[in-house]
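Just below is one structure, and these are the notes that go with it.
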Amino acid sequence: MSAAPEPARAAFDAAAASYDQTFSPVTNPLVRLMRQRALAAAARHFPLGSTLLEIGCGTGQDTVELAARGHRVVACDPSAEMIAATRAKVVAAGQGDKVSFVNLGAGGLAGGWQALDLTVDGVFSDFGPLNCELSLDPVRELLSLALRPGGRFVAVVMPKFCPLEVALFLARGDLRTATRRFARAPMADVQGVRFPISYHGAGDFDRALAGEFRRVETRSLGLVLPPPRFGEALARAPRLLRVLTAVEDAVAGLPGLRRMGDHVVLAYQRI
């Protein structure tokens, strides 16, 4: 969020205190599986000991894990309450010397990055913070300023089409949710606060980053596994969860399927 829209900033400030409970990898197996696979992508693309920029750190669930793996992390978020939650978690984990904090989103970072006098080895953004960027122009600007040549950018974003989401919510008679990604001006609702977002797929990032970056990985998250809001139901069906997980792991990277998850993992290398 370039100068994050005030409703979005306020929504995530309000959500910070309950975010870990709502999206708990402990109680929600779908959240756990998604985070595991996002962090596995980070492990594939970021060598140990890298300096990483994390865009949209949220409450720091990934930040702590990245620091524990030996990375130095510049954790950024436009929500001051999210930054406070991340800082507390990092200190409690004994990783305070490996993490620095910036209370800005992608656009704000792009405008102020040169003042930081820093180049990073990799850029990571998990669970859709970049969907809060209505344009990818500031993302490209930030990557051009921050990422060294040969460095990698890994983003987990919500694309424009998820067949499973459409099918599941149509089956429940919820046409509005089933078709939300097709809206001309899509909106998110966090803690009852609505704000505009944009669904960015691989093609959108390809166009935004053309000429300076090349895509090196595309993989669906939530292609066969349902969205996180179905986590409570699947927690009661562990055998079905294992089967769906095995199928997803087998097919999520296949051409024709790798862009259709609830989220997609996109990895780019700076040329």
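Simple scheme: letters A, B, ... for chains in structure tokens order, numbers from 1 for residues in each chain, numbers from 1 for ligands in the order shown.
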
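For stretch 16-30 of chain A, the non-local neighbours within 7 Å, defined as residues at least 3 positions apart in the same chain or in other chains and counting only C-alpha atoms, are A:Phe12, A:Asp13, A:Leu33, A:Met34, A:Thr59, A:Glu81, A:Met82, A:Pro228, A:Gly231, A:Glu232, A:Ala235.
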
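Remark: for A:Gly211, the closest of the candidate residues A:Ala252, A:Tyr268, A:Ala106, A:Ala85 is A:Tyr268 (distances computed over only C-alpha atoms).
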
Checklist line | Filtered DSSP result for stretch 14-242 of chain A, state strand (DSSP E), as number ranges by chain | finding: A: 51-55, 72-76, 99-102, 120-125, 147-157, 187-190, 193-196, 213-221

Writing out the chosen residues with C-alpha atoms as a PDB file, in the first residue's frame:
ATOM      1  CA  THR A  51      19.253 -10.080   3.705  1.00  0.00           C
ATOM      2  CA  LEU A  52      15.533 -10.028   2.896  1.00  0.00           C
ATOM      3  CA  LEU A  53      12.917  -7.324   2.548  1.00  0.00           C
ATOM      4  CA  GLU A  54       9.549  -8.616   3.760  1.00  0.00           C
ATOM      5  CA  ILE A  55       6.640  -6.597   2.350  1.00  0.00           C
ATOM      6  CA  ARG A  72      18.451 -10.796   8.223  1.00  0.00           C
ATOM      7  CA  VAL A  73      15.000  -9.314   7.667  1.00  0.00           C
ATOM      8  CA  VAL A  74      13.756  -5.798   6.998  1.00  0.00           C
ATOM      9  CA  ALA A  75      10.134  -6.259   8.083  1.00  0.00           C
ATOM     10  CA  CYS A  76       7.727  -3.719   6.612  1.00  0.00           C
ATOM     11  CA  VAL A  99      15.218  -7.916  12.242  1.00  0.00           C
ATOM     12  CA  SER A 100      14.684  -4.217  11.564  1.00  0.00           C
ATOM     13  CA  PHE A 101      11.310  -2.566  11.037  1.00  0.00           C
ATOM     14  CA  VAL A 102       9.811  -0.004   8.670  1.00  0.00           C
ATOM     15  CA  VAL A 120      18.766  -6.705  -0.318  1.00  0.00           C
ATOM     16  CA  ASP A 121      19.362 -10.219  -1.639  1.00  0.00           C
ATOM     17  CA  GLY A 122      15.690 -11.124  -1.791  1.00  0.00           C
ATOM     18  CA  VAL A 123      12.163  -9.753  -1.396  1.00  0.00           C
ATOM     19  CA  PHE A 124       9.349 -11.805   0.151  1.00  0.00           C
ATOM     20  CA  SER A 125       5.628 -11.080   0.493  1.00  0.00           C
ATOM     21  CA  LEU A 147      16.928  -5.857  -5.064  1.00  0.00           C
ATOM     22  CA  ARG A 148      20.452  -6.603  -6.220  1.00  0.00           C
ATOM     23  CA  PRO A 149      21.031  -8.030  -9.733  1.00  0.00           C
ATOM     24  CA  GLY A 150      20.442 -11.779  -9.635  1.00  0.00           C
ATOM     25  CA  GLY A 151      18.325 -11.463  -6.479  1.00  0.00           C
ATOM     26  CA  ARG A 152      14.881 -13.017  -6.259  1.00  0.00           C
ATOM     27  CA  PHE A 153      11.393 -11.789  -5.472  1.00  0.00           C
ATOM     28  CA  VAL A 154       8.864 -14.296  -4.076  1.00  0.00           C
ATOM     29  CA  ALA A 155       5.236 -13.231  -3.662  1.00  0.00           C
ATOM     30  CA  VAL A 156       2.153 -15.145  -2.536  1.00  0.00           C
ATOM     31  CA  VAL A 157      -0.827 -13.309  -4.008  1.00  0.00           C
ATOM     32  CA  MET A 187     -13.385  -4.749  -2.114  1.00  0.00           C
ATOM     33  CA  ALA A 188     -11.933  -6.459   0.931  1.00  0.00           C
ATOM     34  CA  ASP A 189     -13.654  -6.581   4.306  1.00  0.00           C
ATOM     35  CA  VAL A 190     -11.452  -6.758   7.407  1.00  0.00           C
ATOM     36  CA  VAL A 193     -13.957  -2.133   7.313  1.00  0.00           C
ATOM     37  CA  ARG A 194     -14.192  -2.240   3.516  1.00  0.00           C
ATOM     38  CA  PHE A 195     -11.408  -1.032   1.236  1.00  0.00           C
ATOM     39  CA  PRO A 196     -10.430  -1.542  -2.423  1.00  0.00           C
ATOM     40  CA  PHE A 213      12.826  -9.545 -14.157  1.00  0.00           C
ATOM     41  CA  ARG A 214      12.042 -13.057 -15.375  1.00  0.00           C
ATOM     42  CA  ARG A 215       9.590 -15.439 -13.758  1.00  0.00           C
ATOM     43  CA  VAL A 216      11.257 -18.629 -12.505  1.00  0.00           C
ATOM     44  CA  GLU A 217       8.428 -20.343 -10.600  1.00  0.00           C
ATOM     45  CA  THR A 218       4.627 -20.372 -10.577  1.00  0.00           C
ATOM     46  CA  ARG A 219       2.661 -22.621  -8.233  1.00  0.00           C
ATOM     47  CA  SER A 220      -0.902 -22.693  -6.953  1.00  0.00           C
ATOM     48  CA  LEU A 221      -1.823 -22.672  -3.273  1.00  0.00           C
TER      49      LEU A 221
END

Notebook entry, point to check: So how far away is atom CA of A:Gly56 from atom CA of A:Pro129, in Å?
Noted result: 5.3 Å
